[in-house]
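Peer 1: Contents of my_file37.tsv (TSV, C-alpha atoms) are given next:
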chain	number	residue	atom	x	y	z
A	211	MET	CA	10.83	0.41	14.46
A	212	THR	CA	10.25	3.98	13.27
A	213	LYS	CA	7.49	4.54	10.75
A	214	ASN	CA	8.69	7.20	8.32
A	215	ASN	CA	6.92	6.36	5.07
A	216	THR	CA	3.38	6.59	3.74
A	217	TYR	CA	1.55	4.09	1.54
A	218	TYR	CA	-1.47	4.73	-0.65
A	219	ALA	CA	-4.28	2.15	-0.45
A	220	PRO	CA	-7.49	2.09	-2.51
A	221	SER	CA	-10.78	2.67	-0.72
A	222	GLY	CA	-13.24	1.48	-3.35
A	223	GLY	CA	-16.65	3.10	-3.51
A	224	MET	CA	-18.34	4.41	-6.66
A	225	PRO	CA	-17.88	7.76	-8.41
A	226	PRO	CA	-20.91	10.05	-8.81
A	227	GLN	CA	-22.92	10.14	-12.03
A	228	THR	CA	-21.66	13.71	-12.55
A	229	GLN	CA	-18.02	12.61	-12.90
A	230	LEU	CA	-16.39	12.70	-16.32
A	231	LEU	CA	-15.93	9.28	-17.93
A	232	SER	CA	-12.46	9.80	-19.36
A	233	ASP	CA	-9.37	9.16	-17.27
A	234	ARG	CA	-5.66	8.38	-17.64
A	235	ALA	CA	-6.30	4.64	-18.05
A	236	ILE	CA	-4.49	3.25	-21.09
A	237	PHE	CA	-3.62	-0.20	-22.42
A	238	THR	CA	-0.96	-0.46	-25.13
A	239	GLU	CA	1.24	-3.20	-26.54
A	240	ALA	CA	4.19	-1.91	-24.50
A	241	TYR	CA	2.67	-0.62	-21.27
A	242	ALA	CA	-0.56	-0.13	-19.33
A	243	ILE	CA	-1.66	2.44	-16.75
A	244	ILE	CA	-4.40	1.63	-14.22
A	245	PRO	CA	-5.13	4.91	-12.38
A	246	LYS	CA	-6.28	4.88	-8.80
A	247	ARG	CA	-9.63	6.43	-9.77
A	248	VAL	CA	-10.75	3.30	-11.62
A	249	MET	CA	-10.24	0.98	-8.62
A	250	THR	CA	-13.90	1.04	-7.59
A	251	ASP	CA	-16.20	-1.51	-5.95
A	252	ILE	CA	-17.45	-2.94	-9.25
A	253	VAL	CA	-13.99	-4.11	-10.40
A	254	THR	CA	-13.16	-6.17	-7.30
A	255	SER	CA	-12.79	-9.97	-7.29
A	256	LEU	CA	-13.19	-12.77	-4.74
A	257	LEU	CA	-11.30	-16.02	-4.13
A	258	PRO	CA	-12.31	-19.43	-2.73
A	259	PHE	CA	-11.45	-20.34	0.88
A	260	TRP	CA	-11.31	-16.70	2.01
A	261	GLU	CA	-13.61	-14.90	4.45
A	262	GLY	CA	-14.21	-11.15	4.55
A	263	MET	CA	-12.00	-10.31	1.60
A	264	ARG	CA	-12.10	-8.61	-1.74
A	265	MET	CA	-9.30	-7.67	-4.10
A	266	TRP	CA	-8.36	-5.55	-7.06
A	267	VAL	CA	-6.50	-7.57	-9.70
A	268	ILE	CA	-4.00	-5.17	-11.26
A	269	ALA	CA	-1.89	-7.69	-13.20
A	270	ARG	CA	-2.43	-11.24	-14.44
A	271	PRO	CA	-0.74	-13.53	-16.98
A	272	LEU	CA	-2.24	-12.64	-20.34
A	273	SER	CA	-1.07	-12.65	-23.94
A	274	GLY	CA	0.14	-9.13	-24.68
A	275	PHE	CA	0.09	-8.15	-21.01
A	276	ALA	CA	1.84	-9.42	-17.86
A	277	GLU	CA	3.50	-12.72	-18.72
A	278	THR	CA	5.45	-13.66	-15.60
A	279	PHE	CA	3.37	-12.55	-12.60
A	280	SER	CA	0.04	-11.60	-11.08
A	281	GLN	CA	-0.55	-8.81	-8.59
A	282	TYR	CA	-3.53	-8.15	-6.32
A	283	ILE	CA	-4.41	-5.45	-3.83
A	284	VAL	CA	-6.27	-7.40	-1.13
A	285	GLU	CA	-8.61	-5.94	1.49
A	286	VAL	CA	-9.50	-8.15	4.47
A	287	SER	CA	-12.14	-7.14	7.03
A	288	PRO	CA	-11.67	-7.64	10.80
A	289	GLY	CA	-11.84	-11.36	11.56
A	290	GLY	CA	-11.35	-12.27	7.90
A	291	GLY	CA	-8.59	-14.24	6.28
A	292	SER	CA	-7.86	-17.68	4.89
A	293	GLU	CA	-6.54	-21.05	5.98
A	294	LYS	CA	-5.89	-21.97	2.31
A	295	PRO	CA	-4.84	-18.76	0.58
A	296	GLU	CA	-2.60	-20.32	-2.10
A	297	LEU	CA	-3.83	-23.30	-4.14
A	298	ASP	CA	-0.83	-23.56	-6.51
A	299	ASN	CA	2.17	-25.38	-5.02
A	300	ALA	CA	4.48	-23.89	-7.66
A	301	ALA	CA	3.59	-20.30	-6.78
A	302	GLU	CA	5.90	-18.06	-4.77
A	303	ALA	CA	4.68	-14.79	-3.35
A	304	VAL	CA	5.46	-11.47	-1.72
A	305	LEU	CA	3.01	-9.76	0.63
A	306	PHE	CA	3.42	-6.04	1.34
A	307	ILE	CA	1.09	-4.22	3.76
A	308	VAL	CA	-0.06	-0.70	2.87
A	309	GLU	CA	-2.75	-0.22	5.53
A	310	GLY	CA	-3.66	-1.89	8.83
A	311	GLU	CA	-2.31	-5.00	10.54
A	312	MET	CA	-2.58	-8.78	10.11
A	313	ASP	CA	-1.09	-12.05	11.27
A	314	VAL	CA	0.63	-14.33	8.77
A	315	THR	CA	1.38	-17.84	9.98
A	316	ILE	CA	4.19	-19.56	8.04
A	317	GLU	CA	4.86	-23.25	8.63
A	318	GLY	CA	3.12	-22.93	12.03
A	319	GLU	CA	4.92	-19.76	13.18
A	320	LYS	CA	2.81	-16.62	13.57
A	321	HIS	CA	4.19	-13.28	12.38
A	322	PRO	CA	2.31	-10.08	13.30
A	323	MET	CA	2.69	-7.60	10.43
A	324	THR	CA	1.86	-3.92	10.14
A	325	GLU	CA	2.23	-1.17	7.52
A	326	GLY	CA	5.48	-1.56	5.63
A	327	GLY	CA	5.53	-5.27	6.48
A	328	TYR	CA	7.03	-7.56	3.83
A	329	ALA	CA	6.80	-11.35	3.65
A	330	PHE	CA	8.42	-13.66	1.10
A	331	LEU	CA	6.65	-17.02	0.67
A	332	PRO	CA	8.49	-19.70	-1.36
A	333	PRO	CA	6.74	-22.30	-3.52
A	334	GLY	CA	5.10	-25.10	-1.55
A	335	CYS	CA	5.16	-23.04	1.63
A	336	ARG	CA	2.26	-23.59	4.06
A	337	TRP	CA	0.87	-20.24	5.20
A	338	THR	CA	-2.34	-18.69	6.47
A	339	ILE	CA	-3.53	-15.16	7.04
A	340	ARG	CA	-5.90	-13.57	9.56
A	341	ASN	CA	-6.95	-10.02	10.37
A	342	ASN	CA	-7.20	-10.10	14.17
A	343	GLY	CA	-7.54	-6.32	14.44
A	344	ASP	CA	-10.47	-3.93	14.53
A	345	THR	CA	-9.97	-2.26	11.13
A	346	PRO	CA	-9.53	-3.57	7.57
A	347	VAL	CA	-6.06	-4.48	6.36
A	348	LYS	CA	-4.89	-3.88	2.79
A	349	PHE	CA	-1.87	-5.48	1.21
A	350	HIS	CA	-0.26	-6.29	-2.13
A	351	TRP	CA	-0.02	-9.96	-3.05
A	352	ILE	CA	2.46	-10.55	-5.87
A	353	ARG	CA	2.58	-14.12	-7.23
A	354	LYS	CA	4.91	-15.83	-9.68
A	355	ALA	CA	5.36	-19.41	-10.89
A	356	TYR	CA	8.77	-20.23	-9.44
A	357	GLN	CA	11.36	-21.29	-12.02
A	358	PHE	CA	13.23	-24.21	-10.46
A	359	VAL	CA	16.85	-24.77	-11.48
A	360	GLU	CA	18.57	-28.11	-10.96
A	361	GLY	CA	21.26	-27.76	-8.30
A	362	ILE	CA	19.77	-24.60	-6.74
A	363	GLU	CA	17.39	-24.80	-3.80
A	364	ALA	CA	14.36	-22.57	-3.53
A	365	PRO	CA	14.80	-19.70	-1.04
A	366	GLU	CA	13.35	-19.85	2.45
A	367	ALA	CA	10.45	-17.77	3.77
A	368	PHE	CA	11.12	-14.59	5.71
A	369	VAL	CA	9.23	-11.63	7.20
A	370	THR	CA	10.59	-8.11	7.69
A	371	ASN	CA	9.53	-4.47	7.46
A	372	GLU	CA	10.67	-1.75	5.08
A	373	ASN	CA	11.51	0.54	7.99
A	374	ASN	CA	14.11	-1.95	9.23
A	375	ILE	CA	16.09	-1.89	5.97
A	376	ALA	CA	18.41	0.90	4.88
A	377	PRO	CA	17.86	2.03	1.27
A	378	ILE	CA	20.80	1.64	-1.12
A	379	MET	CA	21.71	4.77	-3.08
A	380	MET	CA	22.36	4.56	-6.80
A	381	PRO	CA	26.06	5.12	-7.59
A	382	ASP	CA	27.02	8.82	-7.57
A	383	LEU	CA	23.40	9.86	-7.01
A	384	ASP	CA	21.80	11.16	-3.79
A	385	VAL	CA	18.24	11.44	-5.16
A	386	TRP	CA	17.57	7.82	-6.21
A	387	SER	CA	17.60	4.84	-3.86
A	388	THR	CA	16.26	1.29	-3.70
A	389	THR	CA	15.12	-0.69	-0.66
A	390	ARG	CA	16.16	-4.28	-1.42
A	391	PHE	CA	14.67	-7.15	0.57
A	392	VAL	CA	16.94	-9.89	-0.87
A	393	ASN	CA	20.53	-10.00	-2.07
A	394	GLY	CA	20.60	-9.29	-5.79
A	395	THR	CA	23.28	-11.94	-6.36
A	396	ASP	CA	21.29	-14.72	-4.65
A	397	MET	CA	20.46	-17.02	-7.57
A	398	ARG	CA	17.74	-18.78	-5.59
A	399	HIS	CA	15.47	-15.80	-6.22
A	400	ASP	CA	13.88	-15.46	-9.65
A	401	MET	CA	11.95	-12.28	-8.83
A	402	HIS	CA	12.76	-9.10	-6.96
A	403	VAL	CA	10.13	-6.95	-5.26
A	404	THR	CA	11.74	-3.73	-4.09
A	405	ILE	CA	10.80	-0.15	-3.21
A	406	VAL	CA	12.29	2.62	-5.32
A	407	THR	CA	12.46	6.18	-3.97
A	408	PHE	CA	13.19	9.42	-5.83
A	409	GLN	CA	13.65	12.72	-4.08
A	410	PRO	CA	12.04	15.78	-5.72
A	411	GLY	CA	13.89	16.56	-8.94
A	412	GLY	CA	15.32	13.06	-9.26
A	413	VAL	CA	15.26	11.40	-12.67
A	414	ILE	CA	15.99	8.19	-14.49
A	415	PRO	CA	18.32	10.03	-16.88
A	416	PHE	CA	17.88	7.76	-19.92
A	417	ASP	CA	15.27	5.46	-21.43
A	418	GLU	CA	15.97	2.11	-19.77
A	419	THR	CA	15.36	-0.73	-22.23
A	420	HIS	CA	15.89	-4.16	-20.71
A	421	VAL	CA	14.60	-7.71	-20.53
A	422	MET	CA	12.83	-7.49	-17.18
A	423	GLU	CA	9.04	-7.19	-17.08
A	424	HIS	CA	7.92	-4.57	-14.56
A	425	GLY	CA	4.96	-3.96	-12.31
A	426	LEU	CA	5.06	-0.57	-10.54
A	427	TYR	CA	2.55	0.53	-7.91
A	428	VAL	CA	2.98	4.14	-6.81
A	429	LEU	CA	3.03	4.25	-3.01
A	430	GLU	CA	3.65	7.96	-2.57
A	431	GLY	CA	4.02	11.17	-4.58
A	432	LYS	CA	3.77	11.83	-8.29
A	433	ALA	CA	5.99	11.85	-11.38
A	434	VAL	CA	6.04	12.02	-15.15
A	435	TYR	CA	7.05	8.82	-16.97
A	436	HIS	CA	8.40	8.52	-20.52
A	437	LEU	CA	7.10	5.17	-21.77
A	438	ASN	CA	7.72	3.92	-25.31
A	439	GLY	CA	8.01	7.48	-26.59
A	440	GLN	CA	4.97	8.87	-24.75
A	441	TRP	CA	4.78	11.02	-21.61
A	442	VAL	CA	2.28	10.00	-18.91
A	443	GLU	CA	1.61	11.42	-15.45
A	444	VAL	CA	1.28	9.06	-12.49
A	445	GLU	CA	0.47	9.57	-8.83
A	446	ALA	CA	0.06	7.62	-5.59
A	447	GLY	CA	-2.38	4.76	-6.12
A	448	ASP	CA	-1.65	4.27	-9.83
A	449	PHE	CA	-0.32	1.00	-11.24
A	450	MET	CA	1.97	0.63	-14.27
A	451	TRP	CA	2.73	-2.52	-16.20
A	452	LEU	CA	5.78	-2.32	-18.48
A	453	ARG	CA	6.50	-5.02	-21.01
A	454	ALA	CA	10.04	-6.34	-21.39
A	455	PHE	CA	12.14	-3.88	-23.41
A	456	CYS	CA	9.60	-1.06	-23.04
A	457	PRO	CA	11.72	2.15	-23.01
A	458	GLN	CA	11.20	3.84	-19.64
A	459	SER	CA	12.46	6.89	-17.80
A	460	CYS	CA	10.91	9.28	-15.30
A	461	TYR	CA	11.11	12.69	-13.68
A	462	ALA	CA	9.97	13.16	-10.07
A	463	GLY	CA	8.85	16.77	-9.92
A	464	GLY	CA	7.88	16.91	-6.25
A	465	PRO	CA	6.91	18.55	-4.01
A	466	GLY	CA	7.51	15.38	-1.95
A	467	GLN	CA	9.34	12.14	-2.58
A	468	PHE	CA	8.14	9.70	-5.27
A	469	ARG	CA	8.05	6.04	-4.25
A	470	TYR	CA	6.83	2.82	-5.86
A	471	LEU	CA	6.66	-0.91	-5.19
A	472	LEU	CA	8.52	-2.59	-8.05
A	473	TYR	CA	8.26	-6.17	-9.37
A	474	LYS	CA	10.69	-7.61	-11.90
A	475	ASP	CA	11.71	-11.11	-13.03
A	476	VAL	CA	15.44	-11.87	-12.69
A	477	ASN	CA	18.23	-14.47	-12.63
A	478	ARG	CA	16.91	-17.01	-15.15
A	479	GLN	CA	17.56	-18.07	-18.73
A	480	MET	CA	15.19	-16.74	-21.35
A	481	PRO	CA	12.61	-19.46	-22.13
A	482	PHE	CA	12.10	-20.38	-25.78
A	483	ILE	CA	8.72	-20.42	-27.47
A	484	ARG	CA	8.85	-23.83	-29.14
A	485	PRO	CA	6.65	-24.92	-32.06
What would the structure in this file look like if it were written as structure tokens?

Peer 2:
Amino acid sequence: MTKNNTYYAPSGGMPPQTQLLSDRAIFTEAYAIIPKRVMTDIVTSLLPFWEGMRMWVIARPLSGFAETFSQYIVEVSPGGGSEKPELDNAAEAVLFIVEGEMDVTIEGEKHPMTEGGYAFLPPGCRWTIRNNGDTPVKFHWIRKAYQFVEGIEAPEAFVTNENNIAPIMMPDLDVWSTTRFVNGTDMRHDMHVTIVTFQPGGVIPFDETHVMEHGLYVLEGKAVYHLNGQWVEVEAGDFMWLRAFCPQSCYAGGPGQFRYLLYKDVNRQMPFIRP
């Protein structure tokens, strides 16, 4: 496996008293931006049945905010981990490592994972996690309540690494590609977590407006996004939440490539809000 990508991971800490208060953080009815600068020690959370961990919650189900998923950036110290990480049997998950190494045991089988490592964990799956290394490990943990469909089985667990998967180029474009970890036509999956890469100068050439809710964590580079009629700058370490139908386009100005971890809900009927 050849490592050829970089991944931004938060380091916590606290800014000095001399730092300006204002930042790029914004929360609107259509989108939200959580800049990397605001991911400090005082906004971390803890979970039961974990040792040596803390996490930044960057998305959670909330009226007017993320409705279909939650997303954490988890930091686990050497020797830390959990024998009961997931307490909801209906929850599926994706783990994506941005710094360090860890062991994930799925249904009794241990999988060593390093930077770029990707694990899909179906609902009801028995899994544990342990940092057996000498340095902290940091990873994204994206969770969704799986939408079961009669006649379709839930997908199986798997572990891979981004560097083992060839990106797929957008049709007729050589500056925009997507690393896909599951087949887009596989109806067992009701969420996709992919990595999107733009080369310098690449653009989304129109305001996409579609039903999928998005969570975007910038892994590398910087870009300018056009969100619901407003221009915002984003860089490595920033998180964006985009509501369904939020108009969205971007321009990757360089000097290096612009890459982000992308969540979206897919392949299911639209649920009704019933009185």

Peer 1: Excluding Pro415 in chain A and its own-chain neighbours fewer than 5 positions away, which residues fall within 9 Å of it when counting only C-alpha atoms? Please give them as a list in words.

Peer 2: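 Residues meeting the cut-off are Ser459, Cys460 and Tyr461 of chain A.
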
Peer 1: Write out as number ranges by chain each polymer residue whose atoms come within 12 Å of range 373-380 of chain A, counting all atoms listed in the file; drop sequence neighbours fewer than 3 positions from it.

Peer 2: A: 211-216, 324-328, 369-370, 383-394, 404-409, 412-414, 469

Peer 1: With distances taken over all atoms listed in the file, which residue among A:Val267, A:Val434, A:Met480, A:Val286 lies nearest Gly464 in chain A?

Peer 2: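 Closest candidate: A:Val434.
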
Peer 1: Under the rule that all atoms listed in the file are counted, which of A:Val444, A:Cys335, A:Leu472, A:Val308 is the nearest residue to Ile236 in chain A?

Peer 2: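 Smallest distance to Ile236 in chain A is found for A:Val444.
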
Peer 1: State, in Å with one decimal place, the distance from CA of Trp441 in chain A to CA of Arg234 in chain A.

Peer 2: 11.5 Å

Peer 1: At a cut-off of 7 Å, using only C-alpha atoms, what residues contact Val476 in chain A? Leave out same-chain residues fewer than 4 positions from it and give the result as a tab-separated table (two decimals) with C-alpha atoms, in the coordinates of the input.

Peer 2:
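Below you can see result-v4.tsv, which holds the result:
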chain	number	residue	atom	x	y	z
A	400	ASP	CA	13.88	-15.46	-9.65
A	401	MET	CA	11.95	-12.28	-8.83
A	402	HIS	CA	12.76	-9.10	-6.96
A	422	MET	CA	12.83	-7.49	-17.18

Peer 1: Which distance in Å separates CA of Pro365 in chain A and CA of Glu423 in chain A, to one decimal?

Peer 2: 21.1 Å

Peer 1: Rounded to one decimal, what separation in Å do you get between CA of Ile252 in chain A and CA of Ser221 in chain A?

Peer 2: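 CA of Ser221 in chain A lies at a distance of 12.2 Å from CA of Ile252 in chain A.
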
Peer 1: Near Ala446 in chain A, counting only C-alpha atoms, which residues have an atom at most 12 Å away, once you skip same-chain residues fewer than 3 positions from it, shown as a list in words?

Peer 2: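 Close residues of Ala446 in chain A: Thr216, Tyr217, Tyr218, Ala219, Pro220, Ile244, Pro245, Lys246, Arg247, Val308, Leu426, Tyr427, Val428, Leu429, Glu430, Gly431, Lys432, Ala433, Glu443, Phe449, Met450, Gly466, Gln467, Phe468, Arg469, Tyr470 and Leu471 of chain A.
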
Peer 1: Let me make sure I understand: among A:Asp382, A:Asp448, A:Asp344, A:Asp475, which one has the smallest atom-to-atom distance to Val421 in chain A if we use all atoms listed in the file?

Peer 2: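 Among the listed residues, A:Asp475 lies closest to Val421 in chain A.
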
Peer 1: Please provide the set of residues having any atom within 12 Å of Ser287 in chain A, restricted to all atoms listed in the file, with same-chain residues fewer than 5 positions apart removed, written as a PyMOL selection string.

Peer 2: chain A and resi 260-265+292+309-312+339-349

Peer 1: Write the residues you've just listed into a file as a PDB file, in the coordinates of the input, and include C-alpha atoms for each of them.

Peer 2:
ATOM      1  CA  TRP A 260     -11.310 -16.700   2.010  1.00  0.00           C
ATOM      2  CA  GLU A 261     -13.610 -14.900   4.450  1.00  0.00           C
ATOM      3  CA  GLY A 262     -14.210 -11.150   4.550  1.00  0.00           C
ATOM      4  CA  MET A 263     -12.000 -10.310   1.600  1.00  0.00           C
ATOM      5  CA  ARG A 264     -12.100  -8.610  -1.740  1.00  0.00           C
ATOM      6  CA  MET A 265      -9.300  -7.670  -4.100  1.00  0.00           C
ATOM      7  CA  SER A 292      -7.860 -17.680   4.890  1.00  0.00           C
ATOM      8  CA  GLU A 309      -2.750  -0.220   5.530  1.00  0.00           C
ATOM      9  CA  GLY A 310      -3.660  -1.890   8.830  1.00  0.00           C
ATOM     10  CA  GLU A 311      -2.310  -5.000  10.540  1.00  0.00           C
ATOM     11  CA  MET A 312      -2.580  -8.780  10.110  1.00  0.00           C
ATOM     12  CA  ILE A 339      -3.530 -15.160   7.040  1.00  0.00           C
ATOM     13  CA  ARG A 340      -5.900 -13.570   9.560  1.00  0.00           C
ATOM     14  CA  ASN A 341      -6.950 -10.020  10.370  1.00  0.00           C
ATOM     15  CA  ASN A 342      -7.200 -10.100  14.170  1.00  0.00           C
ATOM     16  CA  GLY A 343      -7.540  -6.320  14.440  1.00  0.00           C
ATOM     17  CA  ASP A 344     -10.470  -3.930  14.530  1.00  0.00           C
ATOM     18  CA  THR A 345      -9.970  -2.260  11.130  1.00  0.00           C
ATOM     19  CA  PRO A 346      -9.530  -3.570   7.570  1.00  0.00           C
ATOM     20  CA  VAL A 347      -6.060  -4.480   6.360  1.00  0.00           C
ATOM     21  CA  LYS A 348      -4.890  -3.880   2.790  1.00  0.00           C
ATOM     22  CA  PHE A 349      -1.870  -5.480   1.210  1.00  0.00           C
TER      23      PHE A 349
END

Peer 1: Which one is closest to Leu272 in chain A: A:His436, A:Glu239, A:Thr315, A:Ala364? Count all atoms listed in the file.

Peer 2: A:Glu239

Peer 1: Choose the residue, out of A:Ala276, A:Ala242, A:Ile483, A:Ala329, that has the smallest atom-to-atom separation from Val304 in chain A; count only C-alpha atoms.

Peer 2: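 So, comparing all the options, the nearest one is A:Ala329.
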
Peer 1: Under the rule that all atoms listed in the file are counted, which of A:Asp396, A:Asp233, A:Glu372, A:Glu293 is the nearest residue to Met323 in chain A?

Peer 2: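 The shortest atom-to-atom distance to Met323 in chain A comes from A:Glu372.
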